[in-house]
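What's in start08.csv: CSV, N, CA and C atoms
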```
chain,number,residue,atom,x,y,z
I,1,GLN,N,-0.3,10.2,4.3
I,1,GLN,CA,1.1,10.2,4.7
I,1,GLN,C,1.9,10.0,3.4
I,2,LEU,N,3.0,10.7,3.3
I,2,LEU,CA,3.9,10.6,2.2
I,2,LEU,C,5.2,9.9,2.6
I,3,GLU,N,5.6,9.0,1.8
I,3,GLU,CA,6.9,8.3,2.0
I,3,GLU,C,7.8,8.6,0.9
I,4,LEU,N,9.1,9.0,1.2
I,4,LEU,CA,10.1,9.3,0.2
I,4,LEU,C,11.3,8.3,0.3
I,5,VAL,N,11.7,7.8,-0.8
I,5,VAL,CA,12.8,6.8,-0.7
I,5,VAL,C,13.8,7.2,-1.8
I,6,GLU,N,15.1,7.5,-1.3
I,6,GLU,CA,16.1,7.9,-2.3
I,6,GLU,C,16.9,6.7,-2.7
I,7,SER,N,17.5,6.9,-3.9
I,7,SER,CA,18.4,5.8,-4.4
I,7,SER,C,19.4,6.5,-5.4
I,8,GLY,N,20.4,5.8,-5.8
I,8,GLY,CA,21.4,6.2,-6.8
I,8,GLY,C,22.7,6.8,-6.2
I,9,GLY,N,22.8,6.8,-4.9
I,9,GLY,CA,24.1,7.2,-4.4
I,9,GLY,C,25.2,6.2,-4.6
I,10,GLY,N,26.4,6.7,-4.4
I,10,GLY,CA,27.6,5.8,-4.6
I,10,GLY,C,28.9,6.5,-4.4
I,11,SER,N,29.9,5.9,-4.9
I,11,SER,CA,31.3,6.5,-4.8
I,11,SER,C,31.8,6.7,-6.2
I,12,VAL,N,32.3,7.9,-6.5
I,12,VAL,CA,32.8,8.3,-7.8
I,12,VAL,C,34.1,9.1,-7.6
I,13,GLN,N,34.8,9.2,-8.6
I,13,GLN,CA,36.0,10.1,-8.6
I,13,GLN,C,35.6,11.5,-9.0
I,14,ALA,N,36.4,12.5,-8.5
I,14,ALA,CA,36.1,13.8,-8.9
I,14,ALA,C,36.0,14.0,-10.4
I,15,GLY,N,35.0,14.8,-10.8
I,15,GLY,CA,34.8,15.0,-12.2
I,15,GLY,C,33.7,14.0,-12.7
I,16,GLY,N,33.4,13.1,-12.0
I,16,GLY,CA,32.4,12.1,-12.4
I,16,GLY,C,30.9,12.6,-12.2
I,17,SER,N,30.0,11.7,-12.5
I,17,SER,CA,28.6,12.0,-12.4
I,17,SER,C,27.8,10.9,-11.7
I,18,LEU,N,26.7,11.3,-11.1
I,18,LEU,CA,25.8,10.4,-10.5
I,18,LEU,C,24.4,11.0,-10.7
I,19,ARG,N,23.4,10.1,-10.7
I,19,ARG,CA,22.0,10.6,-10.8
I,19,ARG,C,21.2,10.0,-9.6
I,20,LEU,N,20.7,10.9,-8.8
I,20,LEU,CA,19.9,10.4,-7.6
I,20,LEU,C,18.5,10.4,-8.0
I,21,SER,N,17.8,9.5,-7.4
I,21,SER,CA,16.3,9.4,-7.6
I,21,SER,C,15.6,9.4,-6.3
I,22,CYS,N,14.4,9.9,-6.3
I,22,CYS,CA,13.6,9.9,-5.1
I,22,CYS,C,12.2,9.5,-5.5
I,23,THR,N,11.7,8.4,-4.9
I,23,THR,CA,10.3,7.9,-5.3
I,23,THR,C,9.4,8.3,-4.1
I,24,ALA,N,8.3,8.9,-4.5
I,24,ALA,CA,7.3,9.3,-3.5
I,24,ALA,C,6.1,8.3,-3.6
I,25,SER,N,5.6,7.9,-2.5
I,25,SER,CA,4.4,7.0,-2.5
I,25,SER,C,3.5,7.5,-1.4
I,26,GLY,N,2.2,7.1,-1.5
I,26,GLY,CA,1.3,7.4,-0.5
I,26,GLY,C,0.5,8.7,-0.6
I,27,TYR,N,0.9,9.5,-1.6
I,27,TYR,CA,0.3,10.8,-1.7
I,27,TYR,C,0.6,11.4,-3.1
I,28,THR,N,-0.3,12.2,-3.7
I,28,THR,CA,0.0,12.8,-4.9
I,28,THR,C,1.0,14.0,-4.7
I,29,VAL,N,1.9,14.2,-5.6
I,29,VAL,CA,2.9,15.2,-5.5
I,29,VAL,C,2.6,16.5,-6.2
I,30,SER,N,1.4,16.6,-6.8
I,30,SER,CA,1.1,17.7,-7.7
I,30,SER,C,1.1,19.0,-7.0
I,31,ARG,N,0.9,19.1,-5.7
I,31,ARG,CA,0.9,20.3,-5.0
I,31,ARG,C,2.2,20.7,-4.3
I,32,PHE,N,3.2,19.8,-4.4
I,32,PHE,CA,4.4,19.9,-3.6
I,32,PHE,C,5.5,20.8,-4.1
I,33,CYS,N,6.2,21.3,-3.1
I,33,CYS,CA,7.6,21.7,-3.4
I,33,CYS,C,8.4,20.4,-3.1
I,34,MET,N,9.4,20.2,-3.9
I,34,MET,CA,10.3,19.0,-3.6
I,34,MET,C,11.7,19.5,-3.7
I,35,GLY,N,12.6,18.9,-3.0
I,35,GLY,CA,14.0,19.4,-3.0
I,35,GLY,C,15.0,18.3,-2.6
I,36,TRP,N,16.2,18.6,-2.9
I,36,TRP,CA,17.3,17.8,-2.5
I,36,TRP,C,18.2,18.6,-1.5
I,37,PHE,N,18.6,17.9,-0.5
I,37,PHE,CA,19.4,18.5,0.6
I,37,PHE,C,20.6,17.6,0.9
I,38,ARG,N,21.6,18.1,1.5
I,38,ARG,CA,22.7,17.2,1.9
I,38,ARG,C,23.3,17.6,3.2
I,39,GLN,N,23.9,16.6,3.8
I,39,GLN,CA,24.6,16.8,5.1
I,39,GLN,C,25.9,16.0,5.2
I,40,ALA,N,26.9,16.8,5.4
I,40,ALA,CA,28.2,16.1,5.5
I,40,ALA,C,28.5,16.0,7.0
I,41,PRO,N,29.4,15.0,7.4
I,41,PRO,CA,29.7,14.8,8.8
I,41,PRO,C,30.2,16.1,9.5
I,42,GLY,N,29.5,16.4,10.6
I,42,GLY,CA,29.9,17.5,11.4
I,42,GLY,C,29.4,18.9,10.9
I,43,LYS,N,28.6,18.8,9.8
I,43,LYS,CA,28.1,20.0,9.2
I,43,LYS,C,26.5,20.0,9.3
I,44,GLU,N,26.0,21.2,9.2
I,44,GLU,CA,24.5,21.3,9.1
I,44,GLU,C,24.0,20.9,7.8
I,45,ARG,N,22.7,20.5,7.8
I,45,ARG,CA,22.1,20.1,6.6
I,45,ARG,C,21.9,21.4,5.7
I,46,GLU,N,22.2,21.3,4.4
I,46,GLU,CA,22.1,22.4,3.5
I,46,GLU,C,21.3,22.1,2.3
I,47,GLY,N,20.7,23.1,1.7
I,47,GLY,CA,19.9,22.9,0.5
I,47,GLY,C,20.8,22.8,-0.7
I,48,VAL,N,20.3,22.0,-1.6
I,48,VAL,CA,21.1,21.7,-2.9
I,48,VAL,C,20.2,22.3,-4.1
I,49,ALA,N,19.0,21.8,-4.2
I,49,ALA,CA,18.1,22.2,-5.3
I,49,ALA,C,16.7,22.0,-4.9
I,50,ALA,N,15.8,22.8,-5.5
I,50,ALA,CA,14.3,22.6,-5.2
I,50,ALA,C,13.6,22.9,-6.5
I,51,ILE,N,12.4,22.3,-6.5
I,51,ILE,CA,11.5,22.4,-7.7
I,51,ILE,C,10.1,22.6,-7.3
I,52,SER,N,9.3,23.4,-7.9
I,52,SER,CA,7.9,23.5,-7.7
I,52,SER,C,7.2,22.6,-8.6
I,53,SER,N,6.5,21.6,-8.0
I,53,SER,CA,5.7,20.6,-8.9
I,53,SER,C,4.6,21.3,-9.7
I,54,VAL,N,4.1,22.4,-9.2
I,54,VAL,CA,3.1,23.1,-9.9
I,54,VAL,C,3.6,24.0,-11.1
I,55,TYR,N,4.6,24.8,-10.8
I,55,TYR,CA,5.1,25.7,-11.7
I,55,TYR,C,6.4,25.2,-12.5
I,56,GLY,N,7.0,24.2,-12.0
I,56,GLY,CA,8.2,23.7,-12.6
I,56,GLY,C,9.5,24.6,-12.4
I,57,SER,N,9.3,25.7,-11.6
I,57,SER,CA,10.5,26.5,-11.4
I,57,SER,C,11.5,25.8,-10.5
I,58,THR,N,12.8,26.1,-10.7
I,58,THR,CA,13.8,25.5,-9.9
I,58,THR,C,14.7,26.5,-9.2
I,59,SER,N,15.3,26.0,-8.2
I,59,SER,CA,16.2,26.9,-7.4
I,59,SER,C,17.5,26.0,-7.1
I,60,TYR,N,18.6,26.6,-7.0
I,60,TYR,CA,19.9,25.9,-6.8
I,60,TYR,C,20.7,26.7,-5.8
I,61,ALA,N,21.5,25.9,-5.0
I,61,ALA,CA,22.5,26.5,-4.2
I,61,ALA,C,23.6,27.0,-5.1
I,62,ASP,N,24.3,28.1,-4.7
I,62,ASP,CA,25.3,28.6,-5.5
I,62,ASP,C,26.4,27.6,-5.8
I,63,SER,N,26.7,26.8,-4.8
I,63,SER,CA,27.8,25.8,-4.9
I,63,SER,C,27.6,24.7,-6.0
I,64,VAL,N,26.3,24.6,-6.4
I,64,VAL,CA,26.0,23.5,-7.4
I,64,VAL,C,25.5,24.0,-8.7
I,65,LYS,N,25.3,25.3,-8.8
I,65,LYS,CA,24.8,25.9,-10.1
I,65,LYS,C,25.7,25.5,-11.2
I,66,GLY,N,25.0,25.1,-12.3
I,66,GLY,CA,25.8,24.7,-13.5
I,66,GLY,C,26.3,23.3,-13.5
I,67,ARG,N,26.2,22.7,-12.4
I,67,ARG,CA,26.7,21.3,-12.3
I,67,ARG,C,25.6,20.3,-12.0
I,68,PHE,N,24.6,20.7,-11.2
I,68,PHE,CA,23.5,19.8,-10.8
I,68,PHE,C,22.2,20.3,-11.5
I,69,THR,N,21.4,19.3,-11.8
I,69,THR,CA,20.1,19.6,-12.3
I,69,THR,C,19.0,18.8,-11.6
I,70,ILE,N,18.0,19.5,-11.1
I,70,ILE,CA,16.8,18.9,-10.5
I,70,ILE,C,15.7,18.7,-11.5
I,71,SER,N,15.0,17.6,-11.5
I,71,SER,CA,13.9,17.4,-12.4
I,71,SER,C,12.9,16.4,-11.8
I,72,GLN,N,11.8,16.3,-12.4
I,72,GLN,CA,10.7,15.4,-11.8
I,72,GLN,C,10.0,14.8,-12.9
I,73,ASP,N,9.4,13.6,-12.5
I,73,ASP,CA,8.5,12.9,-13.4
I,73,ASP,C,7.2,12.7,-12.5
I,74,LYS,N,6.3,13.6,-12.7
I,74,LYS,CA,5.1,13.6,-11.8
I,74,LYS,C,4.3,12.4,-12.1
I,75,ALA,N,4.2,11.9,-13.3
I,75,ALA,CA,3.4,10.7,-13.5
I,75,ALA,C,4.0,9.5,-12.8
I,76,LYS,N,5.3,9.4,-12.6
I,76,LYS,CA,5.9,8.3,-11.9
I,76,LYS,C,6.2,8.7,-10.4
I,77,ARG,N,5.8,9.9,-10.1
I,77,ARG,CA,6.0,10.4,-8.7
I,77,ARG,C,7.5,10.3,-8.3
I,78,MET,N,8.4,10.7,-9.2
I,78,MET,CA,9.8,10.6,-9.0
I,78,MET,C,10.5,12.0,-9.1
I,79,LEU,N,11.5,12.2,-8.3
I,79,LEU,CA,12.3,13.4,-8.3
I,79,LEU,C,13.7,12.9,-8.6
I,80,PHE,N,14.5,13.7,-9.4
I,80,PHE,CA,15.8,13.3,-9.8
I,80,PHE,C,16.8,14.5,-9.5
I,81,LEU,N,18.0,14.1,-9.3
I,81,LEU,CA,19.1,15.1,-9.2
I,81,LEU,C,20.3,14.5,-10.0
I,82,GLN,N,20.5,15.2,-11.2
I,82,GLN,CA,21.7,14.8,-12.0
I,82,GLN,C,22.8,15.6,-11.5
I,83,MET,N,23.9,15.0,-11.1
I,83,MET,CA,25.1,15.6,-10.6
I,83,MET,C,26.3,15.4,-11.5
I,84,ASN,N,26.8,16.4,-12.1
I,84,ASN,CA,27.9,16.3,-13.0
I,84,ASN,C,29.1,17.1,-12.4
I,85,SER,N,30.3,16.8,-12.9
I,85,SER,CA,31.5,17.5,-12.4
I,85,SER,C,31.6,17.5,-10.9
I,86,LEU,N,31.4,16.3,-10.3
I,86,LEU,CA,31.4,16.2,-8.9
I,86,LEU,C,32.8,16.5,-8.3
I,87,LYS,N,32.7,17.1,-7.1
I,87,LYS,CA,33.9,17.5,-6.4
I,87,LYS,C,33.9,16.8,-5.0
I,88,PRO,N,35.1,16.7,-4.4
I,88,PRO,CA,35.2,16.0,-3.1
I,88,PRO,C,34.3,16.7,-2.1
I,89,GLU,N,34.1,18.0,-2.2
I,89,GLU,CA,33.2,18.7,-1.3
I,89,GLU,C,31.8,18.5,-1.4
I,90,ASP,N,31.4,17.7,-2.5
I,90,ASP,CA,30.0,17.3,-2.6
I,90,ASP,C,29.7,16.0,-1.8
I,91,THR,N,30.7,15.5,-1.2
I,91,THR,CA,30.5,14.3,-0.4
I,91,THR,C,29.6,14.6,0.8
I,92,ALA,N,28.5,13.8,0.9
I,92,ALA,CA,27.5,14.0,1.9
I,92,ALA,C,26.5,12.9,1.8
I,93,THR,N,25.6,12.9,2.7
I,93,THR,CA,24.3,12.1,2.6
I,93,THR,C,23.3,13.1,2.0
I,94,TYR,N,22.7,12.6,0.9
I,94,TYR,CA,21.7,13.4,0.2
I,94,TYR,C,20.3,13.0,0.6
I,95,TYR,N,19.5,13.9,0.8
I,95,TYR,CA,18.1,13.7,1.3
I,95,TYR,C,17.1,14.3,0.3
I,96,CYS,N,16.0,13.6,0.1
I,96,CYS,CA,14.9,14.1,-0.7
I,96,CYS,C,13.9,14.6,0.3
I,97,ALA,N,13.2,15.8,0.0
I,97,ALA,CA,12.2,16.3,0.9
I,97,ALA,C,11.1,16.9,0.1
I,98,ALA,N,9.9,17.0,0.8
I,98,ALA,CA,8.7,17.5,0.1
I,98,ALA,C,7.8,18.2,1.1
I,99,ASP,N,7.0,19.0,0.5
I,99,ASP,CA,6.0,19.7,1.4
I,99,ASP,C,4.7,20.0,0.6
I,100,ASP,N,3.6,19.9,1.3
I,100,ASP,CA,2.3,20.1,0.6
I,100,ASP,C,1.5,21.1,1.2
I,101,ARG,N,2.0,22.0,2.1
I,101,ARG,CA,1.2,22.9,2.8
I,101,ARG,C,0.9,24.2,2.0
I,102,TYR,N,1.8,24.5,1.1
I,102,TYR,CA,1.6,25.7,0.3
I,102,TYR,C,2.0,25.5,-1.1
I,103,VAL,N,1.3,26.0,-2.1
I,103,VAL,CA,1.7,26.0,-3.5
I,103,VAL,C,2.6,27.2,-3.6
I,104,ARG,N,3.9,27.0,-3.9
I,104,ARG,CA,4.8,28.1,-4.1
I,104,ARG,C,5.3,28.2,-5.5
I,105,ARG,N,5.4,29.4,-6.0
I,105,ARG,CA,6.0,29.6,-7.3
I,105,ARG,C,7.5,29.3,-7.3
I,106,THR,N,8.1,29.6,-6.2
I,106,THR,CA,9.6,29.3,-6.1
I,106,THR,C,9.7,28.6,-4.8
I,107,CYS,N,10.3,27.4,-4.8
I,107,CYS,CA,10.5,26.6,-3.6
I,107,CYS,C,11.8,26.9,-3.0
I,108,ALA,N,11.8,26.8,-1.7
I,108,ALA,CA,13.0,27.1,-0.9
I,108,ALA,C,14.1,26.0,-1.0
I,109,THR,N,15.3,26.4,-0.9
I,109,THR,CA,16.4,25.5,-0.6
I,109,THR,C,16.8,25.5,0.8
I,110,ASP,N,16.0,26.0,1.7
I,110,ASP,CA,16.1,26.1,3.1
I,110,ASP,C,15.5,24.8,3.7
I,111,PRO,N,16.3,24.0,4.4
I,111,PRO,CA,15.8,22.7,5.0
I,111,PRO,C,14.9,22.9,6.2
I,112,SER,N,14.6,24.1,6.6
I,112,SER,CA,13.8,24.4,7.8
I,112,SER,C,12.4,23.7,7.7
I,113,PRO,N,11.9,23.2,8.8
I,113,PRO,CA,10.6,22.6,8.9
I,113,PRO,C,9.5,23.5,8.4
I,114,ARG,N,9.8,24.8,8.4
I,114,ARG,CA,8.9,25.8,7.9
I,114,ARG,C,8.6,25.6,6.4
I,115,TYR,N,9.5,25.0,5.7
I,115,TYR,CA,9.4,24.8,4.2
I,115,TYR,C,9.2,23.3,3.8
I,116,TYR,N,9.7,22.4,4.6
I,116,TYR,CA,9.6,21.0,4.2
I,116,TYR,C,9.2,20.1,5.4
I,117,SER,N,8.2,19.3,5.2
I,117,SER,CA,7.7,18.5,6.3
I,117,SER,C,7.9,17.0,6.1
I,118,TYR,N,8.3,16.5,4.9
I,118,TYR,CA,8.5,15.1,4.7
I,118,TYR,C,9.9,14.9,4.2
I,119,TRP,N,10.6,13.9,4.8
I,119,TRP,CA,12.0,13.6,4.5
I,119,TRP,C,12.2,12.1,4.2
I,120,GLY,N,13.1,11.9,3.3
I,120,GLY,CA,13.6,10.5,3.1
I,120,GLY,C,14.7,10.1,4.0
I,121,GLN,N,15.2,8.9,3.9
I,121,GLN,CA,16.2,8.4,4.8
I,121,GLN,C,17.6,8.8,4.3
I,122,GLY,N,17.8,9.2,3.1
I,122,GLY,CA,19.1,9.6,2.6
I,122,GLY,C,19.8,8.6,1.8
I,123,THR,N,20.7,9.0,1.0
I,123,THR,CA,21.6,8.1,0.2
I,123,THR,C,23.0,8.8,0.2
I,124,GLN,N,24.0,7.9,0.4
I,124,GLN,CA,25.4,8.5,0.5
I,124,GLN,C,26.0,8.7,-0.8
I,125,VAL,N,26.6,9.8,-0.9
I,125,VAL,CA,27.5,10.2,-2.1
I,125,VAL,C,28.9,10.5,-1.6
I,126,THR,N,29.8,9.8,-2.2
I,126,THR,CA,31.2,10.0,-1.8
I,126,THR,C,32.0,10.3,-3.1
I,127,VAL,N,32.7,11.4,-3.1
I,127,VAL,CA,33.5,11.8,-4.2
I,127,VAL,C,35.0,11.8,-3.8
I,128,SER,N,35.8,11.1,-4.4
I,128,SER,CA,37.2,11.0,-4.1
I,128,SER,C,38.1,11.8,-5.1
I,129,SER,N,39.1,12.3,-4.5
I,129,SER,CA,40.0,13.2,-5.4
I,129,SER,C,41.0,12.4,-6.1
```

Let me see the file written as structure tokens.
Amino acid sequence: QLELVESGGGSVQAGGSLRLSCTASGYTVSRFCMGWFRQAPGKEREGVAAISSVYGSTSYADSVKGRFTISQDKAKRMLFLQMNSLKPEDTATYYCAADDRYVRRTCATDPSPRYYSYWGQGTQVTVSS
């Protein structure tokens, strides 16, 4: 069983930065796709960024390209999301997710259970204007 725990959320003003972290325990992450997702009140969960732990390839939602960067430290079993130039519309609960069913060259930013089977509890990010 894999456990994911997010941290690093908080409140910032527009234009500011935050770095989210996700710690994985209980399982090796070397075969995983890992990703960050977010959900704002009243909206569906959406993908933010994903990374292949095997190939290192990354994928981003158009809304965050050029502002957010996903990275990982496999030795420490950690996933990161560096968020710069934050906007009020980035306000949401951010979730870390992982999957070990398939080795994918490109990991999906689709939060469907088809692609991700493990989820963290989320960390809140609030961006004020």

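Computed from the coordinates, the CA of Glu44 (chain I) to CA of Asp99 (chain I) distance equals 20.1 Å.
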
Problem set entry | Selected residue of minimal separation from Val127 (chain I) among I:Ala50, I:Cys33, I:Leu86, I:Ala24, counting only N, CA and C atoms |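 The shortest atom-to-atom distance to Val127 (chain I) comes from I:Leu86.
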
For this session: Rounded to one decimal place, report the atom C of Asp90 (chain I)-atom N of Val12 (chain I) distance in Å.
Result: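 Atom C of Asp90 (chain I) sits 9.7 Å away from atom N of Val12 (chain I).
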
For this session: Check the smallest atom-to-atom distance from each of I:Ser128, I:Ser57, I:Gln1, I:Ser63 to Ala14 (chain I) using all atoms listed in the file, then report the winner.
Result: I:Ser128

For this session: To one decimal in Å, tell me the separation between atom C of Met34 (chain I) and atom C of Ser11 (chain I).
Result: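 Atom-to-atom, atom C of Met34 (chain I) to atom C of Ser11 (chain I), that is 24.0 Å.
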
Problem set entry | Shell of 9 Å around region 100-117 of chain I, only C-alpha atoms, local chain residues under 5 positions omitted, as a PyMOL selection string | chain I and resi 29-37+45-61

Problem set entry | Among listed residues I:Thr69, I:Ser17, I:Gln121, I:Ser129, nearest Leu4 (chain I) (using all atoms listed in the file) |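 Closest residue, counting all atoms listed in the file: I:Gln121.
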